[in-house]
$ cat target08.cif   # mmCIF, N, CA and C atoms
data_run
loop_
_atom_site.label_atom_id
_atom_site.label_comp_id
_atom_site.auth_asym_id
_atom_site.auth_seq_id
_atom_site.Cartn_x
_atom_site.Cartn_y
_atom_site.Cartn_z
N MET D 1 -13.70 -118.33 -33.84
CA MET D 1 -14.42 -117.11 -33.64
C MET D 1 -14.69 -116.94 -32.16
N GLN D 2 -14.48 -115.71 -31.69
CA GLN D 2 -14.75 -115.45 -30.29
C GLN D 2 -15.94 -114.55 -30.07
N TYR D 3 -16.33 -113.81 -31.10
CA TYR D 3 -17.39 -112.83 -30.92
C TYR D 3 -17.96 -112.48 -32.28
N GLY D 4 -19.22 -112.24 -32.33
CA GLY D 4 -19.85 -111.81 -33.56
C GLY D 4 -20.95 -110.82 -33.25
N HIS D 5 -21.26 -109.98 -34.20
CA HIS D 5 -22.35 -109.02 -34.01
C HIS D 5 -22.93 -108.65 -35.35
N GLY D 6 -24.17 -108.20 -35.31
CA GLY D 6 -24.83 -107.76 -36.52
C GLY D 6 -24.25 -106.46 -37.02
N ILE D 7 -24.42 -106.22 -38.31
CA ILE D 7 -24.00 -104.96 -38.94
C ILE D 7 -25.21 -104.45 -39.71
N GLY D 8 -25.50 -103.19 -39.56
CA GLY D 8 -26.63 -102.59 -40.27
C GLY D 8 -26.39 -101.11 -40.41
N LEU D 9 -27.27 -100.31 -39.83
CA LEU D 9 -27.08 -98.86 -39.85
C LEU D 9 -25.93 -98.46 -38.93
N ALA D 10 -25.70 -99.23 -37.89
CA ALA D 10 -24.57 -99.00 -36.98
C ALA D 10 -23.56 -100.12 -37.21
N ILE D 11 -22.32 -99.89 -36.78
CA ILE D 11 -21.27 -100.90 -36.98
C ILE D 11 -21.46 -102.10 -36.05
N TRP D 12 -22.01 -101.89 -34.86
CA TRP D 12 -22.32 -102.99 -33.94
C TRP D 12 -23.80 -102.97 -33.67
N GLU D 13 -24.50 -104.01 -34.08
CA GLU D 13 -25.93 -104.12 -33.84
C GLU D 13 -26.24 -105.52 -33.33
N LYS D 14 -27.43 -105.66 -32.78
CA LYS D 14 -27.89 -106.98 -32.38
C LYS D 14 -28.17 -107.78 -33.63
N PRO D 15 -28.06 -109.06 -33.61
CA PRO D 15 -27.78 -109.87 -32.43
C PRO D 15 -26.28 -109.97 -32.15
N VAL D 16 -25.97 -110.27 -30.91
CA VAL D 16 -24.60 -110.52 -30.49
C VAL D 16 -24.41 -112.03 -30.44
N ILE D 17 -23.32 -112.50 -31.02
CA ILE D 17 -23.01 -113.93 -31.02
C ILE D 17 -21.82 -114.12 -30.10
N SER D 18 -22.06 -114.72 -28.95
CA SER D 18 -21.00 -114.88 -27.96
C SER D 18 -21.37 -116.01 -27.01
N ARG D 19 -20.38 -116.70 -26.51
CA ARG D 19 -20.66 -117.75 -25.53
C ARG D 19 -21.22 -117.17 -24.24
N LEU D 20 -20.99 -115.89 -24.01
CA LEU D 20 -21.49 -115.27 -22.79
C LEU D 20 -22.99 -115.00 -22.83
N VAL D 21 -23.56 -114.77 -24.02
CA VAL D 21 -24.98 -114.41 -24.10
C VAL D 21 -25.82 -115.29 -25.02
N SER D 22 -25.23 -115.94 -25.99
CA SER D 22 -26.01 -116.63 -27.02
C SER D 22 -26.81 -117.83 -26.52
N PHE D 23 -26.29 -118.56 -25.54
CA PHE D 23 -27.01 -119.73 -25.07
C PHE D 23 -28.25 -119.33 -24.26
N GLU D 24 -28.14 -118.24 -23.52
CA GLU D 24 -29.27 -117.78 -22.70
C GLU D 24 -30.24 -116.91 -23.48
N HIS D 25 -29.77 -116.28 -24.55
CA HIS D 25 -30.60 -115.38 -25.36
C HIS D 25 -30.44 -115.73 -26.85
N PRO D 26 -30.92 -116.90 -27.28
CA PRO D 26 -30.73 -117.30 -28.68
C PRO D 26 -31.54 -116.41 -29.64
N VAL D 27 -30.99 -116.23 -30.83
CA VAL D 27 -31.64 -115.45 -31.88
C VAL D 27 -31.59 -116.28 -33.15
N GLU D 28 -32.69 -116.31 -33.89
CA GLU D 28 -32.72 -117.05 -35.15
C GLU D 28 -31.92 -116.27 -36.20
N ILE D 29 -31.02 -116.95 -36.87
CA ILE D 29 -30.23 -116.35 -37.93
C ILE D 29 -30.93 -116.64 -39.26
N LYS D 30 -31.19 -115.56 -40.02
CA LYS D 30 -31.97 -115.69 -41.25
C LYS D 30 -31.20 -115.16 -42.46
N PRO D 31 -31.52 -115.65 -43.66
CA PRO D 31 -30.88 -115.12 -44.87
C PRO D 31 -31.06 -113.60 -44.97
N GLY D 32 -30.00 -112.94 -45.40
CA GLY D 32 -30.01 -111.49 -45.53
C GLY D 32 -29.36 -110.77 -44.36
N MET D 33 -29.20 -111.47 -43.22
CA MET D 33 -28.56 -110.84 -42.07
C MET D 33 -27.06 -110.72 -42.35
N VAL D 34 -26.45 -109.64 -41.89
CA VAL D 34 -25.02 -109.41 -42.09
C VAL D 34 -24.35 -109.37 -40.73
N PHE D 35 -23.23 -110.08 -40.61
CA PHE D 35 -22.51 -110.19 -39.34
C PHE D 35 -21.02 -109.89 -39.51
N ALA D 36 -20.43 -109.40 -38.45
CA ALA D 36 -18.97 -109.33 -38.33
C ALA D 36 -18.59 -110.44 -37.36
N LEU D 37 -17.70 -111.32 -37.77
CA LEU D 37 -17.20 -112.40 -36.92
C LEU D 37 -15.76 -112.09 -36.57
N GLU D 38 -15.47 -112.03 -35.28
CA GLU D 38 -14.16 -111.56 -34.82
C GLU D 38 -13.40 -112.66 -34.09
N THR D 39 -12.12 -112.75 -34.38
CA THR D 39 -11.21 -113.63 -33.66
C THR D 39 -10.20 -112.75 -32.95
N PHE D 40 -10.02 -112.97 -31.67
CA PHE D 40 -9.12 -112.18 -30.84
C PHE D 40 -7.87 -113.01 -30.58
N TRP D 41 -6.70 -112.48 -30.89
CA TRP D 41 -5.44 -113.20 -30.72
C TRP D 41 -4.52 -112.38 -29.82
N PRO D 42 -4.45 -112.70 -28.50
CA PRO D 42 -3.64 -111.90 -27.58
C PRO D 42 -2.14 -112.11 -27.79
N SER D 43 -1.36 -111.08 -27.49
CA SER D 43 0.09 -111.20 -27.59
C SER D 43 0.65 -111.61 -26.23
N THR D 44 1.93 -111.91 -26.21
CA THR D 44 2.57 -112.37 -24.98
C THR D 44 2.77 -111.26 -23.96
N ASP D 45 2.63 -109.98 -24.35
CA ASP D 45 2.83 -108.90 -23.37
C ASP D 45 1.62 -108.71 -22.46
N GLY D 46 0.53 -109.44 -22.71
CA GLY D 46 -0.64 -109.35 -21.87
C GLY D 46 -1.51 -108.14 -22.12
N TRP D 47 -1.14 -107.30 -23.07
CA TRP D 47 -1.88 -106.08 -23.33
C TRP D 47 -2.30 -105.98 -24.80
N SER D 48 -1.36 -106.15 -25.68
CA SER D 48 -1.62 -106.02 -27.11
C SER D 48 -2.37 -107.24 -27.64
N ALA D 49 -3.01 -107.06 -28.77
CA ALA D 49 -3.71 -108.17 -29.40
C ALA D 49 -4.03 -107.82 -30.83
N ALA D 50 -4.33 -108.85 -31.60
CA ALA D 50 -4.83 -108.65 -32.97
C ALA D 50 -6.27 -109.10 -32.99
N ARG D 51 -7.11 -108.35 -33.65
CA ARG D 51 -8.50 -108.74 -33.82
C ARG D 51 -8.75 -108.83 -35.32
N ILE D 52 -8.94 -110.04 -35.80
CA ILE D 52 -9.19 -110.27 -37.22
C ILE D 52 -10.69 -110.39 -37.39
N GLU D 53 -11.26 -109.59 -38.27
CA GLU D 53 -12.70 -109.55 -38.44
C GLU D 53 -13.07 -109.88 -39.88
N GLU D 54 -14.04 -110.75 -40.02
CA GLU D 54 -14.58 -111.08 -41.34
C GLU D 54 -16.05 -110.72 -41.34
N GLU D 55 -16.51 -110.07 -42.41
CA GLU D 55 -17.93 -109.77 -42.55
C GLU D 55 -18.55 -110.82 -43.47
N ILE D 56 -19.73 -111.28 -43.08
CA ILE D 56 -20.44 -112.28 -43.88
C ILE D 56 -21.89 -111.86 -44.05
N VAL D 57 -22.51 -112.36 -45.10
CA VAL D 57 -23.96 -112.23 -45.29
C VAL D 57 -24.51 -113.65 -45.29
N VAL D 58 -25.60 -113.85 -44.56
CA VAL D 58 -26.23 -115.16 -44.46
C VAL D 58 -27.05 -115.39 -45.73
N THR D 59 -26.89 -116.56 -46.32
CA THR D 59 -27.64 -116.94 -47.52
C THR D 59 -28.55 -118.12 -47.17
N PRO D 60 -29.47 -118.49 -48.05
CA PRO D 60 -30.34 -119.64 -47.75
C PRO D 60 -29.57 -120.95 -47.59
N THR D 61 -28.39 -121.04 -48.17
CA THR D 61 -27.62 -122.28 -48.10
C THR D 61 -26.39 -122.19 -47.20
N GLY D 62 -26.18 -121.07 -46.52
CA GLY D 62 -25.01 -120.92 -45.66
C GLY D 62 -24.64 -119.46 -45.49
N HIS D 63 -23.48 -119.09 -46.03
CA HIS D 63 -23.03 -117.70 -45.92
C HIS D 63 -22.08 -117.37 -47.06
N GLU D 64 -21.84 -116.06 -47.23
CA GLU D 64 -20.87 -115.59 -48.22
C GLU D 64 -20.00 -114.53 -47.53
N VAL D 65 -18.68 -114.69 -47.62
CA VAL D 65 -17.76 -113.71 -47.03
C VAL D 65 -17.75 -112.47 -47.92
N ILE D 66 -17.95 -111.30 -47.32
CA ILE D 66 -17.97 -110.06 -48.09
C ILE D 66 -16.81 -109.14 -47.72
N THR D 67 -15.93 -109.58 -46.83
CA THR D 67 -14.74 -108.80 -46.48
C THR D 67 -13.77 -108.79 -47.65
N ARG D 68 -13.19 -107.64 -47.93
CA ARG D 68 -12.24 -107.54 -49.04
C ARG D 68 -10.79 -107.79 -48.59
N PHE D 69 -10.47 -107.59 -47.31
CA PHE D 69 -9.10 -107.80 -46.84
C PHE D 69 -8.79 -109.29 -46.80
N PRO D 70 -7.65 -109.72 -47.33
CA PRO D 70 -7.32 -111.15 -47.42
C PRO D 70 -6.83 -111.74 -46.11
N ALA D 71 -7.66 -111.74 -45.08
CA ALA D 71 -7.26 -112.16 -43.75
C ALA D 71 -6.83 -113.62 -43.67
N GLU D 72 -7.34 -114.47 -44.58
CA GLU D 72 -6.99 -115.89 -44.51
C GLU D 72 -5.51 -116.13 -44.77
N GLN D 73 -4.79 -115.15 -45.30
CA GLN D 73 -3.36 -115.29 -45.57
C GLN D 73 -2.50 -114.59 -44.53
N LEU D 74 -3.10 -113.88 -43.58
CA LEU D 74 -2.37 -113.03 -42.65
C LEU D 74 -1.58 -113.84 -41.62
N LEU D 75 -0.31 -113.51 -41.47
CA LEU D 75 0.53 -114.12 -40.44
C LEU D 75 0.92 -113.09 -39.39
N VAL D 76 1.34 -111.91 -39.81
CA VAL D 76 1.81 -110.87 -38.89
C VAL D 76 1.12 -109.56 -39.24
N ALA D 77 0.55 -108.90 -38.25
CA ALA D 77 -0.10 -107.61 -38.47
C ALA D 77 0.77 -106.50 -37.91
N GLY D 78 0.73 -105.36 -38.50
CA GLY D 78 1.48 -104.19 -38.06
C GLY D 78 1.43 -103.17 -39.16
N ALA D 79 2.49 -102.37 -39.30
CA ALA D 79 2.54 -101.38 -40.36
C ALA D 79 2.51 -102.06 -41.73
N HIS D 80 3.11 -103.26 -41.80
CA HIS D 80 3.10 -104.05 -43.03
C HIS D 80 2.55 -105.44 -42.68
N TYR D 81 1.91 -106.06 -43.62
CA TYR D 81 1.35 -107.39 -43.40
C TYR D 81 2.18 -108.41 -44.17
N TYR D 82 2.47 -109.56 -43.55
CA TYR D 82 3.30 -110.58 -44.18
C TYR D 82 2.62 -111.93 -44.17
N THR D 83 2.86 -112.69 -45.22
CA THR D 83 2.39 -114.06 -45.32
C THR D 83 3.59 -114.94 -45.60
N VAL D 84 3.34 -116.23 -45.76
CA VAL D 84 4.43 -117.13 -46.09
C VAL D 84 5.03 -116.80 -47.46
N ASN D 85 4.28 -116.10 -48.30
CA ASN D 85 4.77 -115.73 -49.64
C ASN D 85 5.31 -114.31 -49.72
N GLY D 86 5.47 -113.65 -48.57
CA GLY D 86 5.99 -112.29 -48.58
C GLY D 86 4.93 -111.27 -48.23
N PRO D 87 5.17 -109.99 -48.62
CA PRO D 87 4.21 -108.93 -48.28
C PRO D 87 2.81 -109.21 -48.82
N LEU D 88 1.83 -108.84 -48.03
CA LEU D 88 0.43 -109.09 -48.37
C LEU D 88 -0.20 -107.83 -48.94
N PRO D 89 -0.84 -107.93 -50.11
CA PRO D 89 -1.57 -106.77 -50.62
C PRO D 89 -2.77 -106.49 -49.69
N THR D 90 -3.22 -105.26 -49.66
CA THR D 90 -4.30 -104.92 -48.73
C THR D 90 -5.70 -105.17 -49.29
N THR D 91 -5.80 -105.75 -50.47
CA THR D 91 -7.11 -106.12 -51.03
C THR D 91 -7.03 -107.53 -51.60
N ARG D 92 -8.09 -108.27 -51.47
CA ARG D 92 -8.11 -109.62 -52.05
C ARG D 92 -8.00 -109.50 -53.56
N GLU D 93 -7.10 -110.29 -54.14
CA GLU D 93 -6.92 -110.26 -55.58
C GLU D 93 -7.92 -111.15 -56.29
N SER D 94 -8.35 -112.20 -55.64
CA SER D 94 -9.26 -113.14 -56.28
C SER D 94 -10.62 -113.11 -55.58
N GLU D 95 -11.26 -111.97 -55.67
CA GLU D 95 -12.57 -111.84 -55.03
C GLU D 95 -13.65 -112.23 -56.02
N SER D 96 -14.49 -113.16 -55.60
CA SER D 96 -15.57 -113.56 -56.48
C SER D 96 -16.67 -112.50 -56.42
N ALA D 97 -17.40 -112.40 -57.51
CA ALA D 97 -18.52 -111.45 -57.55
C ALA D 97 -19.61 -111.94 -56.60
N PRO D 98 -20.39 -111.01 -56.02
CA PRO D 98 -21.48 -111.45 -55.15
C PRO D 98 -22.44 -112.35 -55.92
N SER D 99 -22.97 -113.34 -55.24
CA SER D 99 -23.91 -114.24 -55.90
C SER D 99 -25.19 -113.48 -56.26
N GLU D 100 -25.91 -114.00 -57.23
CA GLU D 100 -27.15 -113.37 -57.68
C GLU D 100 -28.14 -113.25 -56.52
N HIS D 101 -28.17 -114.29 -55.66
CA HIS D 101 -29.10 -114.27 -54.55
C HIS D 101 -28.76 -113.16 -53.55
N VAL D 102 -27.47 -112.93 -53.29
CA VAL D 102 -27.07 -111.85 -52.39
C VAL D 102 -27.47 -110.50 -52.98
N LEU D 103 -27.28 -110.31 -54.27
CA LEU D 103 -27.69 -109.06 -54.92
C LEU D 103 -29.20 -108.86 -54.81
N GLU D 104 -29.97 -109.93 -54.98
CA GLU D 104 -31.42 -109.84 -54.84
C GLU D 104 -31.82 -109.46 -53.42
N MET D 105 -31.13 -110.03 -52.42
CA MET D 105 -31.43 -109.69 -51.02
C MET D 105 -31.11 -108.23 -50.75
N ILE D 106 -30.02 -107.72 -51.30
CA ILE D 106 -29.66 -106.31 -51.11
C ILE D 106 -30.71 -105.40 -51.72
N GLU D 107 -31.14 -105.72 -52.95
CA GLU D 107 -32.17 -104.92 -53.61
C GLU D 107 -33.48 -104.95 -52.84
N ALA D 108 -33.90 -106.10 -52.37
CA ALA D 108 -35.14 -106.22 -51.59
C ALA D 108 -35.05 -105.43 -50.30
N SER D 109 -33.92 -105.51 -49.64
CA SER D 109 -33.72 -104.76 -48.39
C SER D 109 -33.75 -103.26 -48.65
N ALA D 110 -33.12 -102.83 -49.74
CA ALA D 110 -33.09 -101.40 -50.08
C ALA D 110 -34.51 -100.89 -50.34
N LYS D 111 -35.34 -101.71 -51.01
CA LYS D 111 -36.71 -101.31 -51.28
C LYS D 111 -37.51 -101.21 -49.97
N THR D 112 -37.30 -102.20 -49.09
CA THR D 112 -37.99 -102.19 -47.81
C THR D 112 -37.60 -100.97 -46.98
N GLU D 113 -36.32 -100.66 -46.99
CA GLU D 113 -35.81 -99.54 -46.19
C GLU D 113 -35.89 -98.21 -46.93
N ARG D 114 -36.33 -98.27 -48.20
CA ARG D 114 -36.44 -97.08 -49.05
C ARG D 114 -35.10 -96.37 -49.21
N VAL D 115 -34.09 -97.15 -49.55
CA VAL D 115 -32.74 -96.64 -49.76
C VAL D 115 -32.36 -96.89 -51.22
N GLY D 116 -31.72 -95.92 -51.88
CA GLY D 116 -31.28 -96.13 -53.26
C GLY D 116 -30.08 -97.04 -53.31
N VAL D 117 -30.07 -97.96 -54.26
CA VAL D 117 -28.93 -98.87 -54.42
C VAL D 117 -28.18 -98.48 -55.68
#
$ encode --input "target08.cif" --output "structure tokens"
Amino acid sequence: MQYGHGIGLAIWEKPVISRLVSFEHPVEIKPGMVFALETFWPSTDGWSAARIEEEIVVTPTGHEVITRFPAEQLLVAGAHYYTVNGPLPTTRESESAPSEHVLEMIEASAKTERVGV
């Protein structure tokens, strides 16, 4: 991972997780926080790059990946995606249901923010 940031009402929110700022400005990570974790993979032309992003929600025991795109199988990005097994579908086929605790955190947050779920 090269960069991470919070996700909320905006696509990029604090806190920012980066070697450039995190050591000097630490932030406590708590259950219920949602982050985008990004890996940057530059190409040999010095200009192009791939940025693979996974969204996670922090749980009391760690985290849960909530991204639906099957990035863990990605080898080549472009108009079509390929893996060692051939073309990659654009949605994870074996997505586990959100844990009960994550659903409870979402409901509690919606009540706090007065948003319908």
$ resolve_selection --input "target08.cif" --expression "the PyMOL selection byres ((chain D and resi 32-47) around 5)" --output "ChimeraX atom specification"
/D:1-7,30-31,48-59
$ write_last_selection --input "target08.cif" --atoms "N, CA and C atoms" --output "mmCIF file, in the coordinates of the input"
data_model
loop_
_atom_site.group_PDB
_atom_site.id
_atom_site.type_symbol
_atom_site.label_atom_id
_atom_site.label_comp_id
_atom_site.auth_asym_id
_atom_site.auth_seq_id
_atom_site.Cartn_x
_atom_site.Cartn_y
_atom_site.Cartn_z
ATOM 1 N N MET D 1 -13.700 -118.330 -33.840
ATOM 2 C CA MET D 1 -14.420 -117.110 -33.640
ATOM 3 C C MET D 1 -14.690 -116.940 -32.160
ATOM 4 N N GLN D 2 -14.480 -115.710 -31.690
ATOM 5 C CA GLN D 2 -14.750 -115.450 -30.290
ATOM 6 C C GLN D 2 -15.940 -114.550 -30.070
ATOM 7 N N TYR D 3 -16.330 -113.810 -31.100
ATOM 8 C CA TYR D 3 -17.390 -112.830 -30.920
ATOM 9 C C TYR D 3 -17.960 -112.480 -32.280
ATOM 10 N N GLY D 4 -19.220 -112.240 -32.330
ATOM 11 C CA GLY D 4 -19.850 -111.810 -33.560
ATOM 12 C C GLY D 4 -20.950 -110.820 -33.250
ATOM 13 N N HIS D 5 -21.260 -109.980 -34.200
ATOM 14 C CA HIS D 5 -22.350 -109.020 -34.010
ATOM 15 C C HIS D 5 -22.930 -108.650 -35.350
ATOM 16 N N GLY D 6 -24.170 -108.200 -35.310
ATOM 17 C CA GLY D 6 -24.830 -107.760 -36.520
ATOM 18 C C GLY D 6 -24.250 -106.460 -37.020
ATOM 19 N N ILE D 7 -24.420 -106.220 -38.310
ATOM 20 C CA ILE D 7 -24.000 -104.960 -38.940
ATOM 21 C C ILE D 7 -25.210 -104.450 -39.710
ATOM 22 N N LYS D 30 -31.190 -115.560 -40.020
ATOM 23 C CA LYS D 30 -31.970 -115.690 -41.250
ATOM 24 C C LYS D 30 -31.200 -115.160 -42.460
ATOM 25 N N PRO D 31 -31.520 -115.650 -43.660
ATOM 26 C CA PRO D 31 -30.880 -115.120 -44.870
ATOM 27 C C PRO D 31 -31.060 -113.600 -44.970
ATOM 28 N N SER D 48 -1.360 -106.150 -25.680
ATOM 29 C CA SER D 48 -1.620 -106.020 -27.110
ATOM 30 C C SER D 48 -2.370 -107.240 -27.640
ATOM 31 N N ALA D 49 -3.010 -107.060 -28.770
ATOM 32 C CA ALA D 49 -3.710 -108.170 -29.400
ATOM 33 C C ALA D 49 -4.030 -107.820 -30.830
ATOM 34 N N ALA D 50 -4.330 -108.850 -31.600
ATOM 35 C CA ALA D 50 -4.830 -108.650 -32.970
ATOM 36 C C ALA D 50 -6.270 -109.100 -32.990
ATOM 37 N N ARG D 51 -7.110 -108.350 -33.650
ATOM 38 C CA ARG D 51 -8.500 -108.740 -33.820
ATOM 39 C C ARG D 51 -8.750 -108.830 -35.320
ATOM 40 N N ILE D 52 -8.940 -110.040 -35.800
ATOM 41 C CA ILE D 52 -9.190 -110.270 -37.220
ATOM 42 C C ILE D 52 -10.690 -110.390 -37.390
ATOM 43 N N GLU D 53 -11.260 -109.590 -38.270
ATOM 44 C CA GLU D 53 -12.700 -109.550 -38.440
ATOM 45 C C GLU D 53 -13.070 -109.880 -39.880
ATOM 46 N N GLU D 54 -14.040 -110.750 -40.020
ATOM 47 C CA GLU D 54 -14.580 -111.080 -41.340
ATOM 48 C C GLU D 54 -16.050 -110.720 -41.340
ATOM 49 N N GLU D 55 -16.510 -110.070 -42.410
ATOM 50 C CA GLU D 55 -17.930 -109.770 -42.550
ATOM 51 C C GLU D 55 -18.550 -110.820 -43.470
ATOM 52 N N ILE D 56 -19.730 -111.280 -43.080
ATOM 53 C CA ILE D 56 -20.440 -112.280 -43.880
ATOM 54 C C ILE D 56 -21.890 -111.860 -44.050
ATOM 55 N N VAL D 57 -22.510 -112.360 -45.100
ATOM 56 C CA VAL D 57 -23.960 -112.230 -45.290
ATOM 57 C C VAL D 57 -24.510 -113.650 -45.290
ATOM 58 N N VAL D 58 -25.600 -113.850 -44.560
ATOM 59 C CA VAL D 58 -26.230 -115.160 -44.460
ATOM 60 C C VAL D 58 -27.050 -115.390 -45.730
ATOM 61 N N THR D 59 -26.890 -116.560 -46.320
ATOM 62 C CA THR D 59 -27.640 -116.940 -47.520
ATOM 63 C C THR D 59 -28.550 -118.120 -47.170
#
$ atom_distance --input "target08.cif" --atom1 "CA of Pro60 in chain D" --atom2 "CA of His101 in chain D"
8.8 Å
$ atom_distance --input "target08.cif" --atom1 "atom N of Glu64 in chain D" --atom2 "atom N of Glu104 in chain D"
12.8 Å
$ atom_distance --input "target08.cif" --atom1 "CA of Ala97 in chain D" --atom2 "atom N of Thr112 in chain D"
22.6 Å
$ closest_residue --input "target08.cif" --among "D:Ser22, D:Asn85, D:Ser99, D:Ser109" --to "Val65 in chain D" --atoms "only C-alpha atoms"
D:Ser99
$ closest_residue --input "target08.cif" --among "D:Pro26, D:Pro98, D:Gly8, D:Pro15" --to "Ile66 in chain D" --atoms "only C-alpha atoms"
D:Pro98
